[in-house]
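What follows is a short report on a single structure.
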Protein chains: 2
Amino acid sequence: MEELGQMENKRIYMDHIAGTPVAPEVVEAMEPFLREYFGNPASIHHDGEEPQEALFKSREQVARLVGAEPEEIIFTSCGTESNNLAIKGTAFHRMKEKRHIVVSAVEHYSVLYSAKALERFGFEVTEIPVDSYGQVNPGDVKKALREDTALVSIMHANNEVGTIQPLKEIAYYTKEKGIPFHSDAVASVGRIPVDVRDLGVDLFSFAASQFGGPKGTGALYCKKGVQLWPLFHGGGQEDGRRTGTENVAGIVGMGKAAELALQNLPHRMATCKHLEDLLRKGIADHVDQIKFNGHPEEHIPGLVNVSIRFVEGEALLLHMDLRGISVAGASACMSITAKASHVLEAMGALGGEALGTLLFTLGEENTEEEVQQAVDTLSHVVTMLRAMSPLYKRA
Amino acid sequence: MEELGQMENKRIYMDHIAGTPVAPEVVEAMEPFLREYFGNPASIHHDGEEPQEALFKSREQVARLVGAEPEEIIFTSCGTESNNLAIKGTAFHRMKEKRHIVVSAVEHYSVLYSAKALERFGFEVTEIPVDSYGQVNPGDVKKALREDTALVSIMHANNEVGTIQPLKEIAYYTKEKGIPFHSDAVASVGRIPVDVRDLGVDLFSFAASQFGGPKGTGALYCKKGVQLWPLFHGGGQEDGRRTGTENVAGIVGMGKAAELALQNLPHRMATCKHLEDLLRKGIADHVDQIKFNGHPEEHIPGLVNVSIRFVEGEALLLHMDLRGISVAGASACMSITAKASHVLEAMGALGGEALGTLLFTLGEENTEEEVQQAVDTLSHVVTMLRAMSPLYKRA
């Protein structure tokens with residue numbers, strides 16, 4: 001157990017998909033709006049001015065990150081809200097004649113469960129299957145489209161395996177039929193270049209905490225002309241599409257984070273890709289009986305999802321944690337909902353025997369030394385756990 | 001215009017109903033969760049621990065403020081969300097057999113418009129009228145209850161005129177019929193003592209920015225056993241009632257603000273009442289042809305809503321603003337929705353002739369000197385505007 005003492009010096013954070021550190025410049029930008037500029041942007045008097053200008057500036061910064069016009073950005077409280085607003089907002093707006101929704105089988109629960117929740121209102125949901133890489137075939141989406149399809153929702157990049165979906169090709173088919181196309185881009189915005197015009201989407205969700213911004217702020221790109229039934233009715237903010245007193249400090253933080261993310265994107269991508277390659281190679285060289293999940297090329301940089309035979313995922317995660325490394329898991333009893341990963345299941349990647357899956361999502365601040373340490377630790381933990389495994393002894 | 005130069009030294013903020021300053025102790029409590037403790041509370045590894053414990057602690061602090069159990073507190077992003085969740089969540093849960101909603105005529109738009117938005121789903125909305133003080137008669141609520149009533153929503157204190165509604169008496173009738181009773185308490189929590197058990201409500205909305213907390217965080221008290229269709233479906237946070245990655249820093253801020261508000265309540269009430277009395281007396285002594293709106297006794301402390309004849313509300317507000325005093329208005333073209341105050345209209349207080357209405361909401365940090373200055377400034381502005389008013393000359 002000596003290694004534990006040595007390794008506990010500094011924690012290694014490799015779970016960026018759960019949330020990134022907030023950049024110091026972002027916190028500095030936010031502070032004045034938690035202190036002196038506490039006014040309400042809707043106030044007509046002087047104390048409403050700075051907050052109002054700050055919202056205006058943030059909206060431009062956020063729009064720029066995704067290639068939108070500022071008025072096409074709706075500020076929300078998080079990615080989950082953006083997804084719920086996109087799905088339910090579109091469905092409830094069009095429900096008179098359109099009661100069919102198309103989603104992929106690997107969507108985040110905030111998309112899947114929103115869609116399923118609409119069954120209560122007479123909606124039918126079609127789930128498009130994915131291949132073993134977790135990718136959707138645009139032809140399958142085309143075939144699923146009906147006269148009464150209200151909305152198609154296919155995520156940009158998957159948050160568990162990183163696989164990037166062919167949105168442009170899918171958009172071609174949705175446009176043909178005039179069906180609104182939403183994409184959950186919470187995992188992609190800030191990690192890879194995004195341009196909503198180029199992608200052809202009508203609705204696009206993302207969240208500040210994925211690119212150096214604070215929790216509690218998200219956004220929904222809503223193309224000019226696309227109508228939504230608001231989840232929040234009230235005082236009229238966000239052009240009536242998302243009313244409620246704005247989280248000014250949070251929105252300012254998201255604006256600053258968006259500006260930095262855009263400037264920094266090439267460097268961030270290169271760094272994360274380099275570290276990811278080191279990690280993949282390291283794991284492949286030091287741990288046998290493994291399988292990497294997700295598309296080998298078309299995935300967000302920095303993400304490594306690896307299934308390891310003859311070990312339990314939860315034990316893997318806990319032992320990495322004990323040794324100072326924060327990673328995520330993707331198997332039974334790993335999440336609040338205590339279910340097996342529906343993503344791996346849809347990819348046919350779960351398998352029958354003991355298979356532990358870990359999800360590493362690296363960030364710019366990770367180092368080569370940390371990657372090496374993660375590889376060494378993983379190798380040690382796997383050896384230790386397998387030594388205790390009856391299945392491994394028999395194999 | 002010499003007075004302008006002298007008065008511009010320090011602004012006087014008398015619009016606390018639009019949002020209160022954030023207490024320094026609150027910002028200090030929040031900072032660590034914007035910096036080092038940026039982890040996701042749902043993460044199983046070490047970086048999820050501090051955030052998770054912080055949520056737990058905040059939930060207890062917030063519950064204590066309203067006399068609830070911690071598990072009865074749902075964290076939201078703002079008062080508008082809490083109201084929308086209460087109204088739509090209850091309505092959608094019960095909609096199979098119950099399609100009638102009862103609200104008062106003076107509810108905040110986030111309640112009124114949420115209810116009206118449900119007409120699309122086959123709901124019928126009954127608005128209970130108010131008397132000239134803006135108060136609801138519990139007997140009128142009783143009479144409006146039907147076999148198919150899904151929900152009753154009557155605010156605790158009105159955000160424009162401050163009038164406190166007789167919730168306990170109303171709860172008696174809703175309990176008789178087993179109808180869920182929601183109250184928008186955004187204006188009351190933190191200003192007057194509240195105890196949800198004593199009041200008898202089933203759902204109770206409030207927001208941090210009304211009692212020294214940050215914007216972007218609110219709460220909904222949801223009594224054990226009361227079911228809601230979630231506005232946000234997804235990963236399971238908040239027991240599935242409001243999913244989405246939590247705004248940890250904001251929630252920590254709300255917890256600290258709730259703790260301070262509870263401790264400080266007697267002092268806050270006494271200070272605000274004292275300053276309010278000075279302001280009322282000052283206005284009555286120096287400005288003629290005025291009318292105070294709202295219940296003379298049963299209103300939240302610190303609130304003064306005054307209608308002044310022969311001046312335009314917007315001009316009043318702008319001139320007060322120019323002279324360094326932030327107040328709110330309550331007449332045409334005063335809000336985003338550019339409507340006359342539905343509250344004053346329901347109270348029969350709008351009147352036919354030129355009537356300008358100002359809303360002062362004082363806070364603990366206001367002083368007697370500031371109140372005096374506000375009175376002097378108002379008196380001066382009214383005199384000036386009336387000198388230009390053809391109506392005044394004729395009267």
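Here's how to read the names in the structure tokens: chain A, B, ... by the order shown, residue numbers from 1 in each chain, ligand numbers from 1 in the order shown.
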Neighbours of A:Asp376 within 12 Å (only C-alpha atoms; same-chain residues fewer than 2 positions away dropped), as a VMD selection string? chain A and resid 3 7 279 282 to 287 320 323 325 369 to 374 378 to 383
At a cut-off of 7 Å, can you tabulate as a Markdown table every residue of stretch 34-78 of chain B near stretch 257-263 of chain B together with its closest atom pair and the distance in Å to one decimal, using only C-alpha atoms and ordering rows by chain then number?
```
| residue | atom | partner | partner_atom | distance |
| --- | --- | --- | --- | --- |
| B:Gln61 | CA | B:Glu259 | CA | 5.7 |
| B:Val62 | CA | B:Ala258 | CA | 5.5 |
| B:Leu65 | CA | B:Leu262 | CA | 5.8 |
```
If we count only C-alpha atoms, what is near stretch 83-98 of chain B at a cut-off of 8 Å, once residues fewer than 2 positions away on the same chain are taken out, given as number ranges by chain? A: 231-233; B: 79-81, 100, 110-111, 114-115, 118, 147-151, 153, 182, 184, 203, 205, 220, 227-231
If you run DSSP on the backbone here, which positions in stretch 194-374 of chain A get alpha helix (DSSP H)? Please write them as a VMD selection string. chain A and resid 196 to 199 248 to 286 313 to 322 342 to 346 368 to 374
A:Asn137: which residues within 12 Å, counting only C-alpha atoms, same-chain residues fewer than 2 positions away excluded, as a PyMOL selection string? chain A and resi 104-105+128-135+139-144+154+164-170+173
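Residue nearest chain B within the list A:His319, A:His156, A:Lys273, A:Lys291: A:His319 [criterion: smallest interatomic distance, only C-alpha atoms].
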